[in-house]
>>> print(open('target_31.pdb').read())   # PDB, C-alpha atoms and all ligand atoms
MODEL        1
ATOM      1  CA  MET A   1      99.712-131.995  18.992
ATOM      2  CA  ARG A   2     101.496-128.753  19.657
ATOM      3  CA  THR A   3     101.174-128.423  23.385
ATOM      4  CA  PRO A   4     102.558-131.834  24.321
ATOM      5  CA  LEU A   5     105.556-131.236  22.094
ATOM      6  CA  ARG A   6     106.314-127.927  23.744
ATOM      7  CA  GLU A   7     105.772-129.461  27.170
ATOM      8  CA  ARG A   8     108.075-132.298  26.322
ATOM      9  CA  ALA A   9     110.691-129.911  24.999
ATOM     10  CA  ARG A  10     110.657-128.000  28.274
ATOM     11  CA  ASN A  11     111.006-131.129  30.345
ATOM     12  CA  SER A  12     113.763-132.799  28.395
ATOM     13  CA  ARG A  13     117.436-132.153  29.010
ATOM     14  CA  HIS A  14     119.025-129.245  27.232
ATOM     15  CA  GLY A  15     121.117-129.521  24.118
ATOM     16  CA  GLN A  16     124.253-127.426  24.267
ATOM     17  CA  GLY A  17     123.870-125.578  21.022
ATOM     18  CA  THR A  18     122.580-122.352  22.451
ATOM     19  CA  GLU A  19     125.419-121.883  24.888
ATOM     20  CA  GLY A  20     128.047-119.253  24.410
ATOM     21  CA  ALA A  21     128.712-116.598  21.847
ATOM     22  CA  PRO A  22     130.521-117.047  18.584
ATOM     23  CA  GLY A  23     134.116-116.058  18.089
ATOM     24  CA  ALA A  24     135.108-112.527  17.308
ATOM     25  CA  SER A  25     133.406-111.099  14.277
ATOM     26  CA  ALA A  26     135.581-110.002  11.457
ATOM     27  CA  PRO A  27     135.659-106.296  10.800
ATOM     28  CA  GLY A  28     134.900-104.897   7.412
ATOM     29  CA  THR A  29     132.118-107.334   6.701
ATOM     30  CA  ALA A  30     129.118-105.100   7.184
ATOM     31  CA  ARG A  31     126.300-105.845   4.809
ATOM     32  CA  PRO A  32     123.589-103.505   3.608
ATOM     33  CA  GLY A  33     121.085-104.942   6.093
ATOM     34  CA  ASP A  34     123.375-104.182   8.991
ATOM     35  CA  ALA A  35     122.963-100.476   8.602
ATOM     36  CA  GLU A  36     119.415-100.848   9.861
ATOM     37  CA  GLY A  37     120.005-104.009  11.803
ATOM     38  CA  THR A  38     121.304-105.095  15.154
ATOM     39  CA  GLY A  39     124.055-102.504  15.476
ATOM     40  CA  ALA A  40     127.778-102.837  16.049
ATOM     41  CA  VAL A  41     129.967-105.615  14.736
ATOM     42  CA  GLY A  42     129.771-108.661  16.976
ATOM     43  CA  ASP A  43     127.203-107.146  19.311
ATOM     44  CA  ALA A  44     125.470-109.301  21.895
ATOM     45  CA  GLY A  45     122.193-109.385  19.981
ATOM     46  CA  PRO A  46     120.919-112.147  17.748
ATOM     47  CA  ALA A  47     123.323-113.465  15.137
ATOM     48  CA  VAL A  48     120.550-113.073  12.581
ATOM     49  CA  ARG A  49     117.401-111.044  12.983
ATOM     50  CA  LEU A  50     114.537-110.506  10.591
ATOM     51  CA  ASP A  51     111.881-107.999  11.587
ATOM     52  CA  GLY A  52     108.671-107.933   9.568
ATOM     53  CA  VAL A  53     110.465-108.997   6.408
ATOM     54  CA  SER A  54     108.460-109.267   3.199
ATOM     55  CA  LYS A  55     109.646-110.000  -0.285
ATOM     56  CA  VAL A  56     107.720-109.408  -3.478
ATOM     57  CA  TYR A  57     109.267-110.385  -6.799
ATOM     58  CA  GLY A  58     108.142-108.109  -9.599
ATOM     59  CA  GLN A  59     105.678-105.266  -9.274
ATOM     60  CA  GLY A  60     102.005-104.418  -9.278
ATOM     61  CA  ARG A  61      99.398-107.109  -9.851
ATOM     62  CA  LYS A  62     101.950-109.437 -11.313
ATOM     63  CA  GLY A  63     104.098-109.189  -8.201
ATOM     64  CA  LEU A  64     104.782-112.538  -6.571
ATOM     65  CA  HIS A  65     104.621-112.452  -2.775
ATOM     66  CA  ALA A  66     107.346-114.824  -1.636
ATOM     67  CA  LEU A  67     107.579-113.812   2.037
ATOM     68  CA  ASP A  68     105.150-111.931   4.223
ATOM     69  CA  ASP A  69     106.002-110.191   7.480
ATOM     70  CA  VAL A  70     108.572-112.720   8.669
ATOM     71  CA  THR A  71     110.022-112.087  12.104
ATOM     72  CA  LEU A  72     112.682-114.535  13.156
ATOM     73  CA  SER A  73     115.959-114.560  14.993
ATOM     74  CA  VAL A  74     118.901-116.894  15.415
ATOM     75  CA  ALA A  75     120.831-116.510  18.660
ATOM     76  CA  PRO A  76     124.630-116.628  18.668
ATOM     77  CA  GLY A  77     125.648-120.279  18.578
ATOM     78  CA  GLU A  78     122.137-121.458  17.812
ATOM     79  CA  PHE A  79     121.190-123.995  15.141
ATOM     80  CA  VAL A  80     117.850-123.152  13.551
ATOM     81  CA  CYS A  81     116.219-125.300  10.888
ATOM     82  CA  LEU A  82     113.696-123.872   8.478
ATOM     83  CA  LEU A  83     110.962-126.100   7.066
ATOM     84  CA  GLY A  84     108.090-125.394   4.747
ATOM     85  CA  ALA A  85     106.272-126.485   1.634
ATOM     86  CA  SER A  86     108.013-126.227  -1.687
ATOM     87  CA  GLY A  87     108.065-122.651  -2.945
ATOM     88  CA  CYS A  88     107.203-121.063   0.413
ATOM     89  CA  GLY A  89     110.219-118.783   0.285
ATOM     90  CA  LYS A  90     112.921-120.599   2.265
ATOM     91  CA  SER A  91     115.688-119.952  -0.257
ATOM     92  CA  THR A  92     114.470-116.403  -0.664
ATOM     93  CA  LEU A  93     114.817-115.889   3.067
ATOM     94  CA  LEU A  94     118.404-117.181   3.034
ATOM     95  CA  SER A  95     119.371-115.047   0.081
ATOM     96  CA  LEU A  96     118.000-111.969   1.864
ATOM     97  CA  VAL A  97     120.017-112.772   4.984
ATOM     98  CA  ALA A  98     123.103-113.333   2.821
ATOM     99  CA  GLY A  99     122.585-109.906   1.282
ATOM    100  CA  LEU A 100     122.195-111.390  -2.208
ATOM    101  CA  ASP A 101     118.847-109.643  -2.523
ATOM    102  CA  THR A 102     116.980-106.930  -0.629
ATOM    103  CA  PRO A 103     113.660-107.210   1.212
ATOM    104  CA  THR A 104     110.655-105.312  -0.082
ATOM    105  CA  ALA A 105     109.770-104.422   3.519
ATOM    106  CA  GLY A 106     111.211-105.013   6.951
ATOM    107  CA  ARG A 107     114.698-105.136   8.373
ATOM    108  CA  ILE A 108     117.445-107.696   8.477
ATOM    109  CA  GLY A 109     120.421-107.524  10.796
ATOM    110  CA  THR A 110     123.430-109.698  11.472
ATOM    111  CA  GLY A 111     125.346-107.350  13.733
ATOM    112  CA  GLY A 112     128.142-107.202  11.168
ATOM    113  CA  ARG A 113     128.856-110.891  11.512
ATOM    114  CA  LYS A 114     130.532-112.672   8.672
ATOM    115  CA  ILE A 115     128.275-114.959   6.685
ATOM    116  CA  ALA A 116     128.984-117.993   4.524
ATOM    117  CA  MET A 117     126.485-119.892   2.449
ATOM    118  CA  MET A 118     126.284-123.494   1.318
ATOM    119  CA  PHE A 119     123.939-124.940  -1.303
ATOM    120  CA  GLN A 120     122.659-128.348  -2.330
ATOM    121  CA  GLU A 121     125.111-128.346  -5.232
ATOM    122  CA  PRO A 122     128.697-128.048  -4.017
ATOM    123  CA  ALA A 123     129.548-125.831  -7.031
ATOM    124  CA  LEU A 124     133.247-126.608  -6.985
ATOM    125  CA  PHE A 125     135.560-125.583  -9.808
ATOM    126  CA  PRO A 126     136.077-128.899 -11.631
ATOM    127  CA  TRP A 127     139.453-127.934 -13.085
ATOM    128  CA  LEU A 128     140.923-127.083  -9.677
ATOM    129  CA  THR A 129     142.132-129.544  -7.070
ATOM    130  CA  VAL A 130     140.212-129.939  -3.847
ATOM    131  CA  SER A 131     142.844-127.912  -2.037
ATOM    132  CA  ALA A 132     142.774-125.135  -4.647
ATOM    133  CA  ASN A 133     138.978-124.968  -4.367
ATOM    134  CA  VAL A 134     139.265-124.317  -0.646
ATOM    135  CA  GLU A 135     142.185-121.954  -1.152
ATOM    136  CA  MET A 136     140.051-119.901  -3.518
ATOM    137  CA  ALA A 137     137.976-118.682  -0.574
ATOM    138  CA  LEU A 138     141.195-117.612   1.150
ATOM    139  CA  ARG A 139     142.639-116.034  -1.979
ATOM    140  CA  VAL A 140     139.712-113.625  -2.260
ATOM    141  CA  GLN A 141     140.454-112.562   1.322
ATOM    142  CA  GLY A 142     144.021-111.720   0.298
ATOM    143  CA  VAL A 143     145.650-114.523   2.306
ATOM    144  CA  ALA A 144     149.253-115.160   1.177
ATOM    145  CA  SER A 145     149.902-118.363  -0.766
ATOM    146  CA  ARG A 146     151.837-120.322   1.879
ATOM    147  CA  GLU A 147     149.263-119.546   4.544
ATOM    148  CA  ARG A 148     146.527-120.459   2.072
ATOM    149  CA  ARG A 149     148.005-123.898   1.570
ATOM    150  CA  GLU A 150     148.388-124.470   5.298
ATOM    151  CA  ARG A 151     144.912-123.275   6.154
ATOM    152  CA  ALA A 152     143.312-125.262   3.346
ATOM    153  CA  ALA A 153     145.102-128.405   4.553
ATOM    154  CA  ALA A 154     143.881-127.787   8.116
ATOM    155  CA  LEU A 155     140.306-127.199   6.913
ATOM    156  CA  LEU A 156     140.373-130.403   4.887
ATOM    157  CA  GLU A 157     141.497-132.222   8.030
ATOM    158  CA  THR A 158     138.564-130.629   9.874
ATOM    159  CA  VAL A 159     136.106-132.134   7.410
ATOM    160  CA  HIS A 160     137.995-135.454   7.425
ATOM    161  CA  LEU A 161     139.423-135.052   3.940
ATOM    162  CA  GLY A 162     143.101-134.887   4.885
ATOM    163  CA  GLY A 163     145.075-136.497   2.083
ATOM    164  CA  PHE A 164     142.501-135.641  -0.603
ATOM    165  CA  GLY A 165     143.758-132.123  -1.339
ATOM    166  CA  GLY A 166     145.369-133.150  -4.628
ATOM    167  CA  LYS A 167     142.231-134.807  -6.050
ATOM    168  CA  ARG A 168     139.862-133.183  -8.515
ATOM    169  CA  PRO A 169     136.161-132.915  -7.570
ATOM    170  CA  HIS A 170     135.106-135.613 -10.056
ATOM    171  CA  GLU A 171     137.319-138.110  -8.217
ATOM    172  CA  LEU A 172     135.254-137.661  -5.042
ATOM    173  CA  SER A 173     131.868-139.012  -3.960
ATOM    174  CA  GLY A 174     128.908-136.662  -3.538
ATOM    175  CA  GLY A 175     129.360-136.646   0.234
ATOM    176  CA  MET A 176     133.054-135.847  -0.100
ATOM    177  CA  ARG A 177     132.311-133.003  -2.485
ATOM    178  CA  GLN A 178     129.889-131.552   0.056
ATOM    179  CA  ARG A 179     132.640-131.806   2.678
ATOM    180  CA  VAL A 180     134.870-129.750   0.369
ATOM    181  CA  SER A 181     132.063-127.259   0.025
ATOM    182  CA  LEU A 182     131.793-127.116   3.815
ATOM    183  CA  ALA A 183     135.567-126.595   4.122
ATOM    184  CA  ARG A 184     135.328-123.773   1.610
ATOM    185  CA  ALA A 185     132.504-122.172   3.588
ATOM    186  CA  LEU A 186     134.547-122.509   6.789
ATOM    187  CA  ALA A 187     137.518-120.892   5.029
ATOM    188  CA  GLN A 188     135.506-117.695   5.009
ATOM    189  CA  ASP A 189     135.852-117.631   8.792
ATOM    190  CA  ALA A 190     132.172-116.978   9.090
ATOM    191  CA  ASP A 191     130.201-116.652  12.301
ATOM    192  CA  VAL A 192     126.955-117.463  10.549
ATOM    193  CA  LEU A 193     126.456-120.394   8.208
ATOM    194  CA  LEU A 194     123.439-120.326   5.890
ATOM    195  CA  MET A 195     122.738-123.770   4.472
ATOM    196  CA  ASP A 196     120.213-124.379   1.689
ATOM    197  CA  GLU A 197     119.388-128.104   1.620
ATOM    198  CA  PRO A 198     123.101-128.936   1.699
ATOM    199  CA  PHE A 199     122.588-132.669   2.098
ATOM    200  CA  GLY A 200     119.407-133.004   0.043
ATOM    201  CA  ALA A 201     121.083-134.900  -2.788
ATOM    202  CA  LEU A 202     122.956-137.386  -0.598
ATOM    203  CA  ASP A 203     122.038-140.922   0.400
ATOM    204  CA  ALA A 204     120.795-141.496   3.948
ATOM    205  CA  MET A 205     124.023-143.011   5.249
ATOM    206  CA  THR A 206     126.229-140.216   3.918
ATOM    207  CA  ARG A 207     123.785-137.643   5.195
ATOM    208  CA  ASP A 208     123.947-139.208   8.621
ATOM    209  CA  LEU A 209     127.732-138.979   8.699
ATOM    210  CA  LEU A 210     127.627-135.381   7.568
ATOM    211  CA  HIS A 211     125.114-134.532  10.274
ATOM    212  CA  ASP A 212     127.657-135.725  12.827
ATOM    213  CA  GLU A 213     130.439-133.743  11.154
ATOM    214  CA  LEU A 214     128.385-130.600  10.900
ATOM    215  CA  GLU A 215     127.271-130.847  14.512
ATOM    216  CA  ARG A 216     130.872-131.230  15.687
ATOM    217  CA  ILE A 217     132.087-128.274  13.609
ATOM    218  CA  TRP A 218     129.129-126.122  14.657
ATOM    219  CA  ARG A 219     129.984-126.724  18.306
ATOM    220  CA  GLU A 220     133.737-126.356  17.957
ATOM    221  CA  ARG A 221     133.405-123.097  16.051
ATOM    222  CA  ARG A 222     130.344-121.847  17.887
ATOM    223  CA  LEU A 223     128.663-121.067  14.624
ATOM    224  CA  SER A 224     125.158-119.783  14.251
ATOM    225  CA  VAL A 225     123.393-121.847  11.620
ATOM    226  CA  LEU A 226     120.245-121.269   9.602
ATOM    227  CA  PHE A 227     119.564-124.538   7.800
ATOM    228  CA  VAL A 228     116.874-125.052   5.159
ATOM    229  CA  THR A 229     115.609-128.568   4.580
ATOM    230  CA  HIS A 230     112.601-130.537   3.342
ATOM    231  CA  ASN A 231     113.529-133.414   5.596
ATOM    232  CA  VAL A 232     111.669-133.166   8.899
ATOM    233  CA  ARG A 233     113.795-135.762  10.671
ATOM    234  CA  GLU A 234     116.939-133.999   9.567
ATOM    235  CA  ALA A 235     115.576-130.755  11.005
ATOM    236  CA  VAL A 236     114.782-132.421  14.343
ATOM    237  CA  ARG A 237     118.128-134.255  14.349
ATOM    238  CA  LEU A 238     120.070-131.002  13.944
ATOM    239  CA  GLY A 239     118.064-128.072  15.193
ATOM    240  CA  ASP A 240     117.813-126.286  18.514
ATOM    241  CA  ARG A 241     114.650-124.988  16.936
ATOM    242  CA  VAL A 242     112.594-125.958  13.927
ATOM    243  CA  VAL A 243     110.784-123.032  12.384
ATOM    244  CA  LEU A 244     107.863-123.827  10.129
ATOM    245  CA  LEU A 245     106.898-121.481   7.308
ATOM    246  CA  SER A 246     103.420-121.363   5.783
ATOM    247  CA  SER A 247     102.832-121.997   2.113
ATOM    248  CA  ARG A 248     103.525-118.995  -0.065
ATOM    249  CA  PRO A 249     103.729-116.260   0.921
ATOM    250  CA  GLY A 250     105.933-117.675   3.636
ATOM    251  CA  ARG A 251     105.092-116.643   7.188
ATOM    252  CA  VAL A 252     106.300-118.173  10.423
ATOM    253  CA  VAL A 253     103.470-120.427  11.604
ATOM    254  CA  GLU A 254     105.225-122.443  14.308
ATOM    255  CA  ASP A 255     108.507-122.425  16.152
ATOM    256  CA  PHE A 256     109.310-125.783  17.751
ATOM    257  CA  PRO A 257     112.057-125.838  20.376
ATOM    258  CA  ILE A 258     113.967-129.126  20.123
ATOM    259  CA  THR A 259     115.791-129.796  23.342
ATOM    260  CA  LEU A 260     116.492-133.490  23.019
ATOM    261  CA  GLU A 261     119.908-134.360  24.317
ATOM    262  CA  ARG A 262     122.717-134.382  21.753
ATOM    263  CA  PRO A 263     124.053-136.218  19.911
ATOM    264  CA  ARG A 264     120.764-137.375  18.431
ATOM    265  CA  ARG A 265     120.128-140.161  16.012
ATOM    266  CA  THR A 266     117.923-139.555  12.996
ATOM    267  CA  ASP A 267     116.388-143.000  13.414
ATOM    268  CA  SER A 268     115.744-142.724  17.160
ATOM    269  CA  ALA A 269     112.244-143.002  18.603
ATOM    270  CA  GLU A 270     112.549-139.544  20.200
ATOM    271  CA  VAL A 271     113.439-137.855  16.919
ATOM    272  CA  ALA A 272     110.692-139.818  15.131
ATOM    273  CA  GLU A 273     108.078-138.745  17.666
ATOM    274  CA  ILE A 274     108.853-135.051  17.377
ATOM    275  CA  ALA A 275     109.236-135.325  13.605
ATOM    276  CA  GLY A 276     105.751-136.865  13.513
ATOM    277  CA  ALA A 277     104.278-133.858  15.311
ATOM    278  CA  VAL A 278     106.128-131.398  13.076
ATOM    279  CA  THR A 279     105.057-133.314   9.960
ATOM    280  CA  GLY A 280     101.439-133.198  11.119
ATOM    281  CA  ARG A 281     101.610-129.440  11.443
ATOM    282  CA  LEU A 282     103.360-129.122   8.087
ATOM    283  CA  ARG A 283     100.698-131.289   6.441
ATOM    284  CA  GLU A 284      97.938-129.092   7.928
ATOM    285  CA  GLU A 285      99.626-126.075   6.462
ATOM    286  CA  VAL A 286     100.094-127.608   3.018
ATOM    287  CA  MET A 287      96.470-128.885   2.964
ATOM    288  CA  ARG A 288      95.183-125.467   3.938
ATOM    289  CA  HIS A 289      96.698-124.094   0.748
ATOM    290  CA  GLY A 290      95.873-127.054  -1.423
ATOM    291  CA  ARG A 291      99.477-127.790  -2.412
TER     292      ARG A 291
HETATM  293  N1  LIG A 301     114.415-114.235  -8.508
HETATM  294  C1  LIG A 301     113.141-114.571  -8.522
HETATM  295  N2  LIG A 301     112.271-113.928  -9.313
HETATM  296  C2  LIG A 301     110.960-114.228  -9.318
HETATM  297  N3  LIG A 301     110.404-115.179  -8.533
HETATM  298  C3  LIG A 301     111.215-115.837  -7.727
HETATM  299  C4  LIG A 301     112.619-115.582  -7.668
HETATM  300  N4  LIG A 301     113.173-116.415  -6.742
HETATM  301  C5  LIG A 301     112.163-117.150  -6.261
HETATM  302  N5  LIG A 301     111.000-116.818  -6.844
HETATM  303  C6  LIG A 301     109.686-117.367  -6.533
HETATM  304  O1  LIG A 301     109.451-117.131  -5.141
HETATM  305  C7  LIG A 301     108.784-118.241  -4.548
HETATM  306  C8  LIG A 301     109.637-118.744  -3.402
HETATM  307  O2  LIG A 301     110.807-119.356  -3.964
HETATM  308  P1  LIG A 301     111.931-120.000  -3.049
HETATM  309  O3  LIG A 301     112.927-120.613  -3.965
HETATM  310  O4  LIG A 301     112.399-119.018  -2.078
HETATM  311  O5  LIG A 301     111.091-121.129  -2.287
HETATM  312  P2  LIG A 301     111.604-122.398  -1.500
HETATM  313  O6  LIG A 301     110.731-122.529  -0.304
HETATM  314  O7  LIG A 301     113.061-122.325  -1.256
HETATM  315  O8  LIG A 301     111.292-123.555  -2.550
HETATM  316  P3  LIG A 301     111.823-125.071  -2.586
HETATM  317  O9  LIG A 301     111.487-125.674  -1.276
HETATM  318  O10 LIG A 301     111.051-125.690  -3.709
HETATM  319  O11 LIG A 301     113.292-125.011  -2.864
HETATM  320  C9  LIG A 301     108.587-119.270  -5.657
HETATM  321  O12 LIG A 301     107.287-119.141  -6.154
HETATM  322  C10 LIG A 301     109.614-118.881  -6.711
HETATM  323  O13 LIG A 301     109.191-119.245  -7.996
ENDMDL
END
>>> encode(input="target_31.pdb", output="structure tokens")
Amino acid sequence: MRTPLRERARNSRHGQGTEGAPGASAPGTARPGDAEGTGAVGDAGPAVRLDGVSKVYGQGRKGLHALDDVTLSVAPGEFVCLLGASGCGKSTLLSLVAGLDTPTAGRIGTGGRKIAMMFQEPALFPWLTVSANVEMALRVQGVASRERRERAAALLETVHLGGFGGKRPHELSGGMRQRVSLARALAQDADVLLMDEPFGALDAMTRDLLHDELERIWRERRLSVLFVTHNVREAVRLGDRVVLLSSRPGRVVEDFPITLERPRRTDSAEVAEIAGAVTGRLREEVMRHGR
């Protein structure tokens, strides 16, 4: 299964996601991992790099090995999807890259790039308006109030929520709330977007629309994206690459380049064919570990 997929990927026309570098990196955003990572702010290296990263929760015999010797990189402007069985360490990997936790071994570097994270739950403040939720991300950066309002309005336009700034989160649909969450992530002016099953709770139609939105924004802003999902078709629909992790402890077992022309359709025969091959490999991996 693997060789034909790779062959096919080489022969098909290139997507445009790997072209170009992201915008200027913001200064003053160095994270602990950067000290040992890719070097100067905004350097030409990978946007995200993990070298031999392992993570053990707890200590001694009771220690739980979540990740084992993971080496992975995301190029500037690249969209990488991460797939793997439940509990294989995908969220752990994102939280390490975000600097929310530290690896037990190995190195993580982002070249000082600014990072934003998005989760399955939009986690909006219910008592604040949509606009104020987005402005919150600007407030913590010290942006003055008038500029905050203007930038929040522009970001809401970007995610096609112009005119909804005065609503409260409970007045919005799930898809709209995730758009607000995306606007809030974009307000952080990040170069790297880490996304942990952001559309996992949405219906297929809404997810489809948000795929289109995300793809447009990713291209316009030249973001580097590391996107965790359980949905193989979603991964193939969005990714320049689909990286498959083994069952716990998570290791990289396969890295599928996806070079189908964009925009892609989740329900297209091409996406289905590649998703079938990826699913086969994922199934092998899950069966090998009996879960
Ligand atoms: N803070 C923590 N302390 C102890 N164990 C943890 C912690 N966070 C995660 N784990 C464990 O590490 C393993 C990997 O968890 P993680 O959430 O990273 O997996 P995942 O691949 O994202 O799972 P899923 O696909 O189900 O969301 C799991 O066994 C989990 O129980």
>>> residues_near_ligand(input="target_31.pdb", ligand="ligand LIG 301 (chain A)", cutoff="9 Å", atoms="all atoms listed in the file", output="MDAnalysis selection string")
chainID A and resid 55:58 63:67 83:95 101 196:197 228:230 245 247:250
>>> resolve_selection(input="target_31.pdb", expression="the PyMOL selection byres (((chain A and resi 168-184) around 8) and not hetatm)", output="PyMOL selection string")
chain A and resi 118+121-130+133-137+152+155-156+158-159+161+166-167+185-188+198-199+202+206-207+210
>>> resolve_selection(input="target_31.pdb", expression="the PyMOL selection byres (((chain A and resi 236) around 10) and not hetatm)", output="PyMOL selection string")
chain A and resi 80-81+231-235+237-242+256-260+264-266+270-275+278
>>> resolve_selection(input="target_31.pdb", expression="the PyMOL selection byres (((chain A and resi 253) around 10) and not hetatm)", output="NGL selection string")
:A and (70 or 84 or 243-247 or 250-252 or 254-255 or 281-282 or 285)
>>> axis_aligned_box(input="target_31.pdb", around="segment 43-61 of chain A", padding_each_side="3 Å", output="JSON")
{"center_x": 113.3, "center_y": -108.9, "center_z": 6.0, "size_x": 33.8, "size_y": 15.0, "size_z": 37.7}
>>> closest_residue(input="target_31.pdb", among="A:Val143, A:Val53, A:Val48, A:Thr71", to="Gly112 of chain A", atoms="all atoms listed in the file")
A:Val48
>>> atom_distance(input="target_31.pdb", atom1="atom CA of Ser268 of chain A", atom2="atom CA of Ala204 of chain A")
14.2 Å
>>> atom_distance(input="target_31.pdb", atom1="atom CA of Leu194 of chain A", atom2="atom CA of Gly45 of chain A")
17.9 Å
>>> closest_residue(input="target_31.pdb", among="A:Thr104, A:Gly165, A:Glu215, A:Lys114", to="Ser131 of chain A", atoms="all atoms listed in the file")
A:Gly165
>>> atom_distance(input="target_31.pdb", atom1="atom CA of Leu100 of chain A", atom2="atom CA of Phe227 of chain A")
16.7 Å
>>> decode(input="target_31.pdb", residues="segment 200-214 of chain A", atoms="C-alpha atoms", output="tab-separated table (two decimals), in the first residue's frame")
chain	number	residue	atom	x	y	z
A	200	GLY	CA	-14.05	17.21	15.95
A	201	ALA	CA	-17.36	18.20	17.52
A	202	LEU	CA	-18.90	19.72	14.39
A	203	ASP	CA	-21.26	18.20	11.85
A	204	ALA	CA	-19.83	17.20	8.47
A	205	MET	CA	-21.25	20.17	6.56
A	206	THR	CA	-19.96	22.76	9.03
A	207	ARG	CA	-16.62	21.02	9.15
A	208	ASP	CA	-16.41	21.18	5.39
A	209	LEU	CA	-17.02	24.92	5.38
A	210	LEU	CA	-14.44	25.45	8.08
A	211	HIS	CA	-11.89	23.42	6.13
A	212	ASP	CA	-12.30	25.90	3.28
A	213	GLU	CA	-12.00	28.86	5.65
A	214	LEU	CA	-8.96	27.47	7.39
